[in-house]
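Everything below concerns the one structure shown next.
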Amino acid sequence: MRRINERTGRVLLACLLSSIMPLSAADNGTAEAAAVTAPQPASEIEQLKQMLADQQKQINELRQALAQQQTAAQQAPKKETDGSVSASAGAPVVPAVDPAPVSTFRNLGQVASTTAILPHSATLPAAGALPAIPLPQAAPNATGSATNPCEADPDRTIPTYLRLGNVCIVPIGFMDLTPLWRDKNAGSSMGSSFGSIPYNNTANGNLSEFRFSPQNSRIGFRIDGDWKGTHFIGYNEFDFNGTSGSNGIAVSNGAFVPRLRLFWLDARKNKVEFLAGQSWSLLTPNRNGLSALPGDLFYTQVIDINYMAGLTWTRQPGMRILLHPSNKVTFGFSAEQPDQYIGGSAGGSGITLPTALAALSNAQLDVAQNVSSGQNILTQPTVTPDFIAKIAFDPTSRFHFEVGGIERNFKTTNVAAPFTSHYTAEGGGLLFGFNAAILKNFRVISTNFYSDGGGRYLFGQAPDLIVRANGSLSLVKADGTIDGFEATVNKTLFYAYYGGIYIDRDVTIDTTGKPVGFGYVGSANSQNRVINELTFGFNQTIWRDPRYGAVNMMGQYEWLERAPWYVAVGAPKQTHDNTIYFNIRYTLPGAMPNF
């Protein structure tokens, strides 16, 4: 290309000199003056006009030849330094287009499953936004429709992603360090165990804990591409909160174990979208549409890795289909991993089974506290997936409303031969909420869940069901709510929330004449009636840029309370603790092009 340009330059120079020479034939100032002042003969004027016309024609021909040479050079196979032809030889050249600015609020949230550095909203102040960096748009194809922006010319942009073939890859995640302090020794590491706060009449209720933890750090990748008009996303993410095979993680080596959080593929063409893999449940509240991307979800802005009491969420395998009749309405339906849960996870209390049916525990019903035995790991029977339907309305970027429901099925059989007695129950729940920017930099949020048999989705704080003495199943009512606000001031996000869980009692009489189930007289003080949480905090963006990443400093205060159904004489009626979190985070750089 450089040789072509030089040759073309010489031709143009020669043409320019040839046009100057006739006019400089007079070699003195007098002759030049005479040529200007004296009237020219008609024949000489016509000759000059013809000469100029011929020169203009030559210039036009040279311009056309130069354009043809440049096109041929672009389409020719590119040779590597060793003389071999590159893998992209012969590929069609995608026309260059004017770059589009980065979406200033969604990129960092989309590429790391973290509490969004700033929630997605066109109303947030520019001071806390990412700087606009040119990224390629979808280049038009022969029919004028958009194609894969990952195929656009990278030399005309400042890429904030990696190219592999015709896809874009962003390494995602962040490096965290979180010091935390609790005024009770809950023994729950970094995440709060909402349902098992120690009482003041116990040893742990009179001890405190201070810890450092890097476990919330995450690593993974996101892949974007377009195939024949179908935009696909591959998303993978790990953290370091896995169950360690050794307890020796505090003496001489913090050998924290990686844990799979998310691993899914999403594909959308026109108005239809399909997702399969391990993702946030469709029952998790959204900030925007029904997207599974972390930046479009609402799971609060807190540092606590167990988020908040009252939040409906899981991360589990499943499949979903979404319909987009317009940019303002989205319908979704998912089939997700089922579980016949009777308590014991995340500090939640298990039920009391009838004496004759104690063998149902772990064999047919999941008591998650027995993790160390491995018995509860996908060994219990299940009837159908959990079916979830949801609809979201986003009339403007400042308002999001959603309503959804879940349908669940449970089944057990007689624990003694001939196994002819079967018991079934059908449960469900209703979710609704909104996320609204009532002022330019101020959002209010409310999400609410009411269920019969949906306690597992309240972070396992409530059992799904109890078993009656005759073997039949009874669903436990459990409700949750989160209400609060988020506000941005310059580069700082402030938030405050209330979260609550209410678990109804469900009691039956055993064949021994004693009550069993959940919340009966004489039940353990771990069978909670209510769990309340008040929390507030901040998220300060120190600096950030898609090319370099981001550094954030965060703080959170959390007040947590629980009260049981049954209080023995002289025993505490409730218990609470106070937790303070501080966090320093570096988020990896990267952003996706606009599809």
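Quick note on naming: the chains in the structure tokens go A, B, ... in the order shown, residues restart at 1 in each chain, and ligands are numbered from 1 in order of appearance.
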As a PyMOL selection string, please: the residues near region 405-418 of chain A (cut-off 6 Å, only C-alpha atoms, same-chain neighbours under 5 positions excluded). chain A and resi 386-389+423-431
Within 8 Å of Phe194 (chain A), counting only C-alpha atoms, which residues qualify if same-chain residues fewer than 3 places away don't, as an MDAnalysis selection string? chainID A and resid 197 309 346:348 461 531 560:562
In terms of only C-alpha atoms, the residue from A:Ala65, A:Leu52, A:Ala203, A:Val272 at minimal distance from Phe232 (chain A) is A:Val272
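Counting only C-alpha atoms, region 170-180 of chain A has the following residues at most 7 Å away, ignoring those fewer than 6 positions along the same chain: Val111, Ala112, Tyr161, Leu162, Phe210, Arg211, Phe212, Ser213, Pro214, Asn216, Ser217, Arg218, Ile219, Gly220, Phe221, Arg222, Ile223, Ile580, Tyr581, Phe582, Asn583, Ile584, Arg585, Tyr586, Thr587, Leu588, Gly590 and Ala591 of chain A.
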Please produce an output containing C-alpha atoms for each residue in the selection, written as a PDB file, in the first residue's frame.
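Produced file part-v1.pdb, reproduced below:
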ATOM      1  CA  VAL A 111     -19.245  -7.938  32.920  1.00  0.00           C
ATOM      2  CA  ALA A 112     -19.094  -8.785  36.606  1.00  0.00           C
ATOM      3  CA  TYR A 161     -12.469  -6.377  24.608  1.00  0.00           C
ATOM      4  CA  LEU A 162     -10.512  -9.268  23.093  1.00  0.00           C
ATOM      5  CA  PHE A 210     -13.421  -9.796  63.216  1.00  0.00           C
ATOM      6  CA  ARG A 211     -12.264 -11.263  59.919  1.00  0.00           C
ATOM      7  CA  PHE A 212     -10.582 -10.421  56.631  1.00  0.00           C
ATOM      8  CA  SER A 213     -11.942 -12.175  53.558  1.00  0.00           C
ATOM      9  CA  PRO A 214     -10.947 -12.230  49.862  1.00  0.00           C
ATOM     10  CA  ASN A 216     -15.998 -12.578  47.282  1.00  0.00           C
ATOM     11  CA  SER A 217     -13.415 -12.022  44.516  1.00  0.00           C
ATOM     12  CA  ARG A 218     -14.623 -13.319  41.161  1.00  0.00           C
ATOM     13  CA  ILE A 219     -13.216 -14.386  37.846  1.00  0.00           C
ATOM     14  CA  GLY A 220     -14.761 -15.472  34.571  1.00  0.00           C
ATOM     15  CA  PHE A 221     -15.479 -14.394  31.027  1.00  0.00           C
ATOM     16  CA  ARG A 222     -18.232 -13.165  28.761  1.00  0.00           C
ATOM     17  CA  ILE A 223     -18.468 -13.913  25.033  1.00  0.00           C
ATOM     18  CA  ILE A 580     -19.971  -3.562  59.870  1.00  0.00           C
ATOM     19  CA  TYR A 581     -18.442  -4.264  56.457  1.00  0.00           C
ATOM     20  CA  PHE A 582     -15.683  -2.397  54.655  1.00  0.00           C
ATOM     21  CA  ASN A 583     -14.559  -3.268  51.147  1.00  0.00           C
ATOM     22  CA  ILE A 584     -11.835  -2.353  48.657  1.00  0.00           C
ATOM     23  CA  ARG A 585     -12.440  -3.609  45.124  1.00  0.00           C
ATOM     24  CA  TYR A 586     -10.587  -3.486  41.825  1.00  0.00           C
ATOM     25  CA  THR A 587     -12.815  -4.395  38.873  1.00  0.00           C
ATOM     26  CA  LEU A 588     -11.186  -5.738  35.710  1.00  0.00           C
ATOM     27  CA  GLY A 590     -13.568  -4.327  29.661  1.00  0.00           C
ATOM     28  CA  ALA A 591     -16.743  -3.441  27.832  1.00  0.00           C
TER      29      ALA A 591
END
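Ranking A:Trp565, A:Phe442, A:Tyr299, A:Phe333 by their shortest atom-to-atom distance to Arg320 (chain A), with only C-alpha atoms included, puts A:Phe333 first.
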Quick one: contact table of region 418-469 of chain A to region 477-486 of chain A, 6 Å max, nearest atom pair and distance in Å to one decimal per residue, counting only C-alpha atoms, chain and number order, as a Markdown table?
| residue | atom | partner | partner_atom | distance |
| --- | --- | --- | --- | --- |
| A:Phe442 | CA | A:Glu486 | CA | 5.9 |
| A:Arg443 | CA | A:Glu486 | CA | 5.1 |
| A:Val444 | CA | A:Phe485 | CA | 4.3 |
| A:Ile445 | CA | A:Gly484 | CA | 5.4 |
| A:Ser446 | CA | A:Asp483 | CA | 4.4 |
| A:Thr447 | CA | A:Ile482 | CA | 5.4 |
| A:Asn448 | CA | A:Thr481 | CA | 4.4 |
| A:Phe449 | CA | A:Gly480 | CA | 5.1 |
| A:Tyr450 | CA | A:Asp479 | CA | 4.5 |
| A:Ser451 | CA | A:Ala478 | CA | 5.5 |
| A:Asp452 | CA | A:Lys477 | CA | 4.4 |
| A:Gly455 | CA | A:Ala478 | CA | 5.6 |
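From CA of Phe331 (chain A) back to CA of Asp226 (chain A), the distance works out to 22.9 Å.
CA of Gly350 (chain A) lies 15.4 Å from CA of Tyr502 (chain A).
Straight-line separation from CA of Ala267 (chain A) to CA of Thr396 (chain A): 24.5 Å.
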